[in-house]
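Source file work.cif; content: mmCIF, C-alpha atoms and all ligand atoms.
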data_final
loop_
_atom_site.label_atom_id
_atom_site.label_comp_id
_atom_site.auth_asym_id
_atom_site.auth_seq_id
_atom_site.Cartn_x
_atom_site.Cartn_y
_atom_site.Cartn_z
CA MET A 1 -44.27 77.67 100.67
CA PRO A 2 -42.12 78.71 97.72
CA TYR A 3 -44.58 80.60 95.53
CA TYR A 4 -44.64 84.42 95.64
CA ARG A 5 -48.07 86.09 95.69
CA ARG A 6 -49.47 89.52 96.35
CA LEU A 7 -52.96 90.76 97.04
CA GLY A 8 -54.29 94.30 97.49
CA ASP A 9 -52.19 97.44 97.74
CA ILE A 10 -48.55 97.48 98.80
CA PRO A 11 -45.86 100.14 98.45
CA PRO A 12 -43.33 99.74 95.63
CA LYS A 13 -40.44 99.36 98.09
CA ARG A 14 -40.59 97.39 101.35
CA HIS A 15 -40.10 99.16 104.69
CA THR A 16 -40.90 102.58 103.22
CA GLN A 17 -43.69 105.08 103.89
CA PHE A 18 -47.07 103.79 102.75
CA ARG A 19 -49.81 106.31 103.42
CA LYS A 20 -53.59 106.15 103.69
CA PRO A 21 -55.83 108.62 101.81
CA ASP A 22 -55.97 110.73 105.02
CA GLY A 23 -52.16 110.98 105.12
CA GLY A 24 -51.60 108.59 108.04
CA LEU A 25 -49.24 105.61 107.75
CA TYR A 26 -50.38 102.04 107.28
CA THR A 27 -48.72 99.63 109.73
CA GLU A 28 -46.33 97.14 108.17
CA GLU A 29 -46.12 93.68 109.77
CA LEU A 30 -43.58 91.01 108.83
CA MET A 31 -44.78 87.46 109.51
CA GLY A 32 -41.69 85.32 109.13
CA GLU A 33 -40.66 81.76 109.95
CA GLU A 34 -37.47 80.41 111.48
CA GLY A 35 -36.11 83.70 112.77
CA PHE A 36 -36.16 85.75 109.56
CA SER A 37 -34.43 82.87 107.72
CA PHE A 38 -37.36 81.11 106.01
CA ASP A 39 -40.64 82.02 104.28
CA SER A 40 -42.28 85.32 105.17
CA ALA A 41 -44.98 87.79 104.19
CA LEU A 42 -45.32 91.54 104.62
CA LEU A 43 -48.82 92.70 105.56
CA TYR A 44 -50.10 96.28 105.65
CA HIS A 45 -52.73 97.03 108.31
CA LEU A 46 -55.02 100.01 108.75
CA ASN A 47 -54.17 99.91 112.46
CA PRO A 48 -51.30 98.51 114.56
CA PRO A 49 -51.76 94.72 115.03
CA THR A 50 -50.07 94.96 118.42
CA ALA A 51 -52.72 96.79 120.48
CA LEU A 52 -54.02 94.33 123.09
CA ALA A 53 -57.00 95.43 125.17
CA SER A 54 -57.14 92.29 127.32
CA ILE A 55 -55.49 88.90 127.92
CA GLU A 56 -57.31 86.00 129.59
CA THR A 57 -56.60 82.34 130.27
CA VAL A 58 -59.05 80.00 128.59
CA ASP A 59 -59.80 76.70 130.30
CA SER A 60 -59.67 74.03 127.67
CA GLU A 61 -60.11 70.32 127.88
CA VAL A 62 -56.86 68.51 127.11
CA GLN A 63 -57.51 65.34 125.11
CA GLU A 64 -55.01 62.98 126.74
CA THR A 65 -53.48 60.18 124.68
CA SER A 66 -52.27 56.75 125.74
CA PRO A 67 -49.77 54.35 124.12
CA ASN A 68 -50.77 51.86 121.45
CA HIS A 69 -50.16 48.99 123.83
CA PRO A 70 -50.38 46.08 123.41
CA LEU A 71 -49.14 46.96 119.95
CA ARG A 72 -51.97 46.46 117.47
CA PRO A 73 -53.02 47.61 114.04
CA ARG A 74 -56.13 49.70 114.58
CA HIS A 75 -59.20 50.76 112.65
CA PHE A 76 -61.23 53.81 113.64
CA ARG A 77 -64.67 54.48 112.16
CA THR A 78 -64.67 58.27 112.31
CA HIS A 79 -68.28 58.57 111.20
CA LYS A 80 -69.26 57.07 114.57
CA LEU A 81 -67.81 60.08 116.41
CA LYS A 82 -70.10 62.69 117.88
CA GLU A 83 -70.87 65.60 115.57
CA GLY A 84 -70.84 69.12 116.94
CA GLY A 85 -68.96 72.31 117.59
CA ASP A 86 -66.97 74.00 114.89
CA PRO A 87 -63.90 73.06 112.80
CA ILE A 88 -61.61 73.95 115.71
CA THR A 89 -63.51 73.08 118.90
CA GLY A 90 -65.14 69.97 117.40
CA ARG A 91 -61.86 68.10 116.84
CA HIS A 92 -61.63 64.57 118.23
CA VAL A 93 -58.01 63.55 118.72
CA LEU A 94 -57.47 60.17 117.07
CA LEU A 95 -53.69 59.90 117.28
CA ALA A 96 -50.79 62.03 118.43
CA ASN A 97 -47.08 62.10 119.21
CA ALA A 98 -44.57 64.84 119.97
CA ASP A 99 -44.59 65.95 116.31
CA VAL A 100 -48.21 65.90 115.21
CA THR A 101 -51.80 65.62 116.39
CA ILE A 102 -54.22 63.89 114.02
CA SER A 103 -57.89 64.55 114.66
CA TYR A 104 -61.27 64.27 112.98
CA VAL A 105 -64.11 66.76 113.04
CA ALA A 106 -67.75 66.63 111.90
CA CYS A 107 -69.67 69.83 112.60
CA ASP A 108 -71.88 72.57 111.17
CA GLN A 109 -70.93 75.77 113.01
CA ASP A 110 -68.56 78.57 112.02
CA SER A 111 -65.50 78.96 114.23
CA ALA A 112 -64.34 81.91 116.29
CA LEU A 113 -61.11 83.69 115.40
CA PHE A 114 -58.17 81.39 116.11
CA ARG A 115 -54.39 81.50 115.95
CA ASN A 116 -52.50 78.24 116.25
CA ALA A 117 -49.08 79.38 117.37
CA THR A 118 -47.74 75.85 117.88
CA GLY A 119 -47.30 74.71 114.26
CA ASP A 120 -48.78 74.50 110.78
CA GLU A 121 -52.10 72.80 110.17
CA VAL A 122 -53.18 70.76 107.16
CA VAL A 123 -56.94 70.21 107.08
CA TYR A 124 -58.18 67.68 104.52
CA ILE A 125 -61.82 68.34 103.65
CA GLU A 126 -63.84 65.14 103.36
CA GLU A 127 -67.20 66.86 102.99
CA GLY A 128 -68.51 70.41 102.95
CA SER A 129 -67.42 73.72 101.55
CA GLY A 130 -66.99 77.29 102.69
CA ARG A 131 -64.21 79.78 103.16
CA LEU A 132 -61.26 80.22 105.45
CA GLU A 133 -61.10 83.89 106.40
CA SER A 134 -57.72 85.14 107.58
CA VAL A 135 -55.46 88.17 107.74
CA PHE A 136 -54.54 87.19 104.16
CA GLY A 137 -58.17 87.36 102.94
CA ILE A 138 -60.79 84.87 101.79
CA LEU A 139 -59.70 81.36 100.82
CA PRO A 140 -62.55 79.23 99.42
CA PHE A 141 -62.43 75.46 100.05
CA THR A 142 -64.43 72.39 99.10
CA SER A 143 -64.39 68.61 99.40
CA GLY A 144 -61.03 67.07 98.43
CA ASP A 145 -59.03 70.19 99.33
CA TYR A 146 -56.05 70.22 101.60
CA VAL A 147 -56.21 73.56 103.43
CA VAL A 148 -52.70 74.47 104.60
CA ILE A 149 -52.61 77.09 107.38
CA PRO A 150 -49.21 78.44 108.45
CA ALA A 151 -48.62 78.67 112.20
CA THR A 152 -49.81 81.96 113.78
CA THR A 153 -52.16 82.88 110.91
CA ILE A 154 -55.23 84.44 112.54
CA HIS A 155 -58.21 82.80 110.86
CA ARG A 156 -61.77 81.54 111.17
CA TRP A 157 -63.79 78.88 109.37
CA ILE A 158 -67.04 79.98 107.70
CA LEU A 159 -69.08 77.01 106.51
CA ASP A 160 -71.66 76.79 103.73
CA ASP A 161 -75.03 75.66 105.10
CA ASP A 162 -75.87 72.84 102.78
CA THR A 163 -73.98 69.92 104.35
CA THR A 164 -72.05 68.74 107.39
CA PHE A 165 -68.40 69.75 107.44
CA ARG A 166 -66.15 66.70 107.79
CA ALA A 167 -62.37 66.88 107.88
CA LEU A 168 -59.18 65.13 108.92
CA VAL A 169 -56.76 67.50 110.65
CA ALA A 170 -52.98 67.18 110.94
CA GLU A 171 -51.61 69.73 113.36
CA ALA A 172 -47.82 69.96 113.60
CA ARG A 173 -46.74 70.47 117.18
CA GLY A 174 -43.90 72.69 116.05
CA GLY A 175 -42.43 73.28 112.62
CA HIS A 176 -43.82 73.64 109.14
CA ILE A 177 -45.62 71.52 106.57
CA GLY A 178 -45.12 72.13 102.86
CA PRO A 179 -44.24 70.58 99.51
CA PRO A 180 -41.38 68.02 99.68
CA ARG A 181 -37.99 69.65 99.08
CA ARG A 182 -37.19 67.07 96.39
CA TYR A 183 -40.04 68.49 94.26
CA LEU A 184 -38.45 71.94 94.27
CA SER A 185 -35.57 73.54 92.43
CA ARG A 186 -32.77 75.22 94.37
CA ASN A 187 -34.73 78.44 94.06
CA GLY A 188 -38.05 76.90 95.01
CA GLN A 189 -39.82 76.26 91.70
CA PHE A 190 -41.71 72.99 91.30
CA LEU A 191 -39.69 70.58 89.15
CA GLU A 192 -41.03 68.57 86.22
CA HIS A 193 -41.17 65.29 88.15
CA ALA A 194 -43.42 66.75 90.86
CA PRO A 195 -47.01 65.42 90.77
CA TYR A 196 -48.37 68.96 91.07
CA CYS A 197 -47.11 72.49 90.59
CA GLU A 198 -47.75 76.16 91.31
CA ARG A 199 -50.87 76.26 89.11
CA ASP A 200 -52.55 73.74 91.41
CA LEU A 201 -52.07 75.82 94.56
CA HIS A 202 -54.75 78.38 95.34
CA GLY A 203 -54.23 81.36 97.62
CA PRO A 204 -56.61 83.88 99.15
CA THR A 205 -58.74 85.62 96.53
CA GLU A 206 -59.87 88.85 98.17
CA LEU A 207 -59.16 90.87 101.29
CA LEU A 208 -61.69 91.37 104.07
CA ASN A 209 -60.98 95.03 104.95
CA ILE A 210 -62.74 94.85 108.33
CA ASP A 211 -62.27 97.93 110.53
CA GLU A 212 -63.82 97.03 113.90
CA GLU A 213 -62.77 97.39 117.52
CA ASP A 214 -62.21 94.94 120.41
CA VAL A 215 -62.06 91.59 118.73
CA ASP A 216 -61.38 88.29 120.54
CA VAL A 217 -58.86 85.80 119.17
CA LEU A 218 -58.12 82.42 120.75
CA VAL A 219 -54.37 81.83 120.67
CA LYS A 220 -53.02 78.32 121.08
CA ARG A 221 -49.46 77.92 122.27
CA GLN A 222 -47.74 74.85 123.75
CA SER A 223 -48.64 76.22 127.20
CA GLY A 224 -52.40 76.31 126.53
CA ILE A 225 -55.05 78.62 125.12
CA THR A 226 -55.22 82.37 125.77
CA ARG A 227 -57.88 84.83 124.70
CA PHE A 228 -56.41 88.05 123.28
CA THR A 229 -58.75 90.96 122.77
CA PHE A 230 -57.24 93.10 120.03
CA ARG A 231 -58.19 96.76 119.96
CA HIS A 232 -58.36 96.57 116.16
CA HIS A 233 -59.72 93.78 114.00
CA PRO A 234 -56.77 91.76 112.61
CA PHE A 235 -58.55 91.51 109.23
CA ASP A 236 -57.88 95.21 108.50
CA VAL A 237 -55.18 94.32 105.96
CA VAL A 238 -55.18 96.39 102.76
CA GLY A 239 -52.43 94.44 101.01
CA TRP A 240 -49.71 91.81 101.45
CA ASP A 241 -47.06 89.99 99.52
CA GLY A 242 -44.59 87.19 100.06
CA CYS A 243 -44.24 83.43 100.16
CA LEU A 244 -46.13 82.72 103.39
CA TYR A 245 -49.93 82.47 103.34
CA PRO A 246 -52.68 79.84 103.66
CA TYR A 247 -53.48 77.94 100.49
CA THR A 248 -55.49 75.03 99.17
CA PHE A 249 -54.47 72.10 97.02
CA SER A 250 -57.15 69.72 95.70
CA ILE A 251 -56.42 66.00 95.84
CA HIS A 252 -58.19 65.88 92.45
CA ASP A 253 -55.24 67.86 91.00
CA PHE A 254 -52.68 65.32 92.18
CA GLU A 255 -51.27 63.59 89.08
CA PRO A 256 -50.49 59.99 90.03
CA ILE A 257 -47.16 58.49 89.01
CA THR A 258 -47.60 54.94 87.71
CA GLY A 259 -45.28 52.27 86.32
CA ARG A 260 -44.98 48.77 84.87
CA VAL A 261 -44.79 47.35 88.38
CA HIS A 262 -46.06 48.55 91.76
CA GLN A 263 -44.76 52.01 92.66
CA PRO A 264 -43.78 52.67 96.29
CA PRO A 265 -45.63 55.13 98.54
CA PRO A 266 -43.14 58.02 98.07
CA VAL A 267 -44.59 58.57 94.55
CA HIS A 268 -47.82 59.58 96.32
CA GLN A 269 -46.13 62.10 98.59
CA THR A 270 -47.85 65.46 98.70
CA PHE A 271 -46.39 67.27 101.74
CA GLU A 272 -43.62 66.89 104.25
CA GLY A 273 -43.41 68.18 107.79
CA PRO A 274 -41.44 67.67 110.97
CA ASN A 275 -41.02 63.87 111.25
CA LEU A 276 -44.02 63.22 109.02
CA VAL A 277 -45.11 62.90 105.40
CA ILE A 278 -48.56 63.24 103.86
CA CYS A 279 -49.45 61.24 100.71
CA SER A 280 -52.45 61.23 98.34
CA PHE A 281 -53.84 58.02 96.87
CA VAL A 282 -56.01 58.89 93.89
CA SER A 283 -57.77 57.10 91.03
CA ARG A 284 -55.14 55.81 88.63
CA LYS A 285 -54.27 53.23 85.99
CA PHE A 286 -52.72 50.11 87.43
CA ASP A 287 -49.28 48.70 86.66
CA TYR A 288 -48.92 47.45 83.09
CA HIS A 289 -46.23 44.75 83.22
CA PRO A 290 -47.94 41.60 81.83
CA LEU A 291 -47.36 39.78 85.15
CA ALA A 292 -47.86 42.82 87.42
CA ILE A 293 -49.60 42.48 90.76
CA PRO A 294 -51.41 45.77 91.32
CA ALA A 295 -52.11 45.18 95.04
CA PRO A 296 -49.31 46.44 97.27
CA TYR A 297 -46.78 43.95 98.63
CA HIS A 298 -46.80 43.16 102.33
CA HIS A 299 -44.50 45.51 104.14
CA SER A 300 -42.86 46.38 107.43
CA ASN A 301 -42.45 50.08 107.99
CA VAL A 302 -39.32 49.90 110.06
CA ASP A 303 -39.23 53.56 111.05
CA SER A 304 -42.79 54.78 110.84
CA ASP A 305 -46.38 54.48 111.95
CA GLU A 306 -48.72 54.59 108.95
CA VAL A 307 -52.14 56.22 109.11
CA ILE A 308 -54.59 56.09 106.19
CA PHE A 309 -57.82 58.02 105.94
CA TYR A 310 -60.17 56.39 103.41
CA HIS A 311 -62.25 59.10 101.76
CA GLU A 312 -64.07 57.25 99.01
CA GLY A 313 -63.65 54.42 96.49
CA ASN A 314 -63.25 50.67 96.54
CA PHE A 315 -60.02 50.39 98.63
CA MET A 316 -58.75 47.49 96.59
CA SER A 317 -56.32 46.03 99.14
CA ARG A 318 -58.74 46.09 102.08
CA LYS A 319 -61.28 43.44 101.00
CA GLY A 320 -63.19 42.06 104.00
CA SER A 321 -61.44 44.35 106.47
CA GLY A 322 -64.44 46.45 107.45
CA ILE A 323 -62.77 49.57 106.00
CA GLU A 324 -65.38 52.02 104.72
CA PRO A 325 -65.50 55.70 103.74
CA GLY A 326 -64.42 57.73 106.76
CA SER A 327 -62.28 54.90 108.16
CA VAL A 328 -58.80 55.57 109.53
CA SER A 329 -56.33 52.68 109.77
CA LEU A 330 -53.19 52.66 111.87
CA HIS A 331 -50.43 50.24 110.88
CA PRO A 332 -47.69 50.87 113.44
CA GLY A 333 -43.99 50.13 113.24
CA GLY A 334 -43.38 46.59 114.52
CA HIS A 335 -46.42 45.28 112.63
CA THR A 336 -46.12 43.80 109.13
CA HIS A 337 -49.14 44.67 107.04
CA GLY A 338 -50.44 44.26 103.52
CA PRO A 339 -53.52 43.33 101.55
CA GLN A 340 -56.21 41.29 103.28
CA PRO A 341 -56.59 37.64 102.14
CA GLY A 342 -57.92 37.35 98.58
CA SER A 343 -57.03 40.94 97.68
CA VAL A 344 -53.79 40.08 95.86
CA GLU A 345 -55.36 37.55 93.45
CA ALA A 346 -58.40 39.79 93.03
CA SER A 347 -56.21 42.70 91.92
CA ILE A 348 -54.55 40.80 89.04
CA GLY A 349 -55.79 41.89 85.64
CA LYS A 350 -57.55 44.99 86.97
CA GLU A 351 -57.04 48.06 84.79
CA GLY A 352 -57.19 50.73 87.42
CA THR A 353 -58.55 51.83 90.77
CA GLU A 354 -61.09 54.43 91.79
CA GLU A 355 -60.12 55.63 95.23
CA LEU A 356 -59.30 58.66 97.31
CA ALA A 357 -57.27 58.25 100.45
CA VAL A 358 -54.84 60.34 102.48
CA MET A 359 -51.88 58.76 104.24
CA ILE A 360 -49.92 60.31 107.09
CA ASP A 361 -46.71 58.52 108.03
CA THR A 362 -45.03 59.58 111.24
CA PHE A 363 -41.46 58.77 112.15
CA ARG A 364 -42.17 58.42 115.83
CA PRO A 365 -44.80 56.15 117.44
CA LEU A 366 -48.33 57.48 117.70
CA GLU A 367 -50.41 57.33 120.84
CA ILE A 368 -54.17 56.98 120.73
CA GLY A 369 -56.50 59.79 121.74
CA PRO A 370 -60.09 59.74 123.02
CA GLY A 371 -61.47 60.00 119.48
CA GLY A 372 -59.49 56.91 118.49
CA TRP A 373 -60.70 54.86 121.45
CA ASP A 374 -64.32 55.97 120.89
CA ALA A 375 -64.28 55.03 117.20
CA GLU A 376 -62.25 51.81 117.34
CA ASP A 377 -63.33 48.68 115.51
CA ASP A 378 -61.50 46.16 117.68
CA LYS A 379 -61.82 43.29 115.21
CA TYR A 380 -59.46 44.84 112.67
CA ALA A 381 -56.28 43.15 113.96
CA TRP A 382 -57.67 39.72 112.97
CA THR A 383 -58.78 40.58 109.44
CA TRP A 384 -55.64 39.11 107.86
CA LEU A 385 -56.55 35.60 109.14
CA GLU A 386 -57.59 33.24 106.34
CA GLY A 387 -61.10 31.75 106.61
CA ARG A 388 -62.10 34.06 109.42
FE FE B 401 -48.67 50.40 104.19
#
Show the structure stored in the file as structure tokens.
Amino acid sequence: MPYYRRLGDIPPKRHTQFRKPDGGLYTEELMGEEGFSFDSALLYHLNPPTALASIETVDSEVQETSPNHPLRPRHFRTHKLKEGGDPITGRHVLLANADVTISYVACDQDSALFRNATGDEVVYIEEGSGRLESVFGILPFTSGDYVVIPATTIHRWILDDDTTFRALVAEARGGHIGPPRRYLSRNGQFLEHAPYCERDLHGPTELLNIDEEDVDVLVKRQSGITRFTFRHHPFDVVGWDGCLYPYTFSIHDFEPITGRVHQPPPVHQTFEGPNLVICSFVSRKFDYHPLAIPAPYHHSNVDSDEVIFYHEGNFMSRKGSGIEPGSVSLHPGGHTHGPQPGSVEASIGKEGTEELAVMIDTFRPLEIGPGGWDAEDDKYAWTWLEGR
């Protein structure tokens, strides 16, 4: 995350005495990535964030995955999945590999305090609103937002009551997810060709200033889940600054790049992570060459598995496929895919498309999790057959 922010009170010089009204010192914490060599933030706590009162193993159900074999394109109807739990415990694993876990959640409860110490999370909000509370303060979110949570950020999800919370979650299993490097200058500023910029990224708006004792936090590490009881509430931060913090980016602020002929998926790229990219497909004008074919060409993704989450719209290239809002398609490497029959002709002469979809391409094969098997529409592989 390249954009410097500060919130609350901090001393004028880092690593110097910063005193409370009663004369005592605030505790400075550096949260830094890649061994002090990448993005970091300095946080100032009322109390030491290190005081652990208890440590306990938490038994958690591991959602085992199995290979996509025989190799098939897949379609998962996520709205068929059981609703319940909270934005962390209610996750159904759809797909996963060694780099990322992709899950779907539909729920209406607030979460407990959680720290994912395995990798960054990007949570795309399909429906619902609320706030992500963290050591960095309150981050409001709503439908269409990507909520980006850096690894190890202690946080909890507080949901507004009015509607079910629905979200697609990409959880890196190590490493960090952020804006593509090619969008950034050498010093980290968004360049003119980027489809969004600093003004579109929203950070925490106010601090929580909670001074309580003995607070449980669930900590997820590659080895499993542990419950830490901290002597002092981690949300006792009075100020922070730096380039590492949770933020939101609304898909509605993604400015699509269009051309005379069909533009390839990299123009839709929004984030990059370890062996994965995340792209946004938004409403846009179609190609304007007089003989343009707006539907995408058929393609073989030689080095990637392609996952698309269909949020809303008319999904122009998926006529007759059964794809609906909430659908997730998987087009794996080794499978050539493209528009369903009739979609290419039907696209000619169209002025534009109204759609919202999120694509996650992974560079290693994805396995299928219990949520995927539970939600599968097993007829999808045959929807490219003419006259079906
Ligand atoms: Fe594709």
**Report entry** 7 Å shell around ligand FE 401 (chain B) using all atoms listed in the file, listed as JSON, numbers by chain
**Finding:** {"A": [299, 306, 331, 337, 338]}
**Report entry** Neighbour list for His15 in chain A as an MDAnalysis selection string, cut-off 8 Å, only C-alpha atoms, skip fewer than 2 positions in-chain
**Finding:** chainID A and resid 13 17 28
Query raised in the report: Nearest to Thr336 in chain A among A:Ala194, A:Leu71, A:Val261, A:Leu139, with distances taken over only C-alpha atoms: which residue is it?
Result: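 The answer is A:Leu71, which sits nearest to Thr336 in chain A.
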Report summary line: re CA of Arg156 in chain A and CA of Phe235 in chain A: distance 10.7 Å
Query raised in the report: Counting all atoms listed in the file, what is within 9 Å of Ile308 in chain A, bar same-chain residues fewer than 2 positions away, as a list in words?
Result: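 Listing them by chain and then by number gives Glu306, Tyr310, Ser327, Val328, Ser329, Leu330, His331, Ala357, Val358, Met359, Ile360 and Asp361 of chain A.
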Query raised in the report: If you measure from CA of Lys319 in chain A to CA of Ala295 in chain A, what distance in Å do you get, rounded to one decimal?
Result: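 These atoms are spaced 11.1 Å apart.
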Query raised in the report: Which residues come within 7 Å of Gly242 in chain A, counting all atoms listed in the file, excluding same-chain residues fewer than 5 positions away, as number ranges by chain?
Result: A: 4-6, 40-42
Query raised in the report: Rounded to one decimal in Å, what is the spacing between CA of Glu83 in chain A and CA of Asp110 in chain A?
Result: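 Between CA of Glu83 in chain A and CA of Asp110 in chain A the gap is 13.6 Å.
Of the residues listed (A:Gly369, A:Pro266, A:Pro12, A:Pro296), A:Gly369 shows the shortest atom-to-atom separation from Val93 in chain A; distances use only C-alpha atoms.
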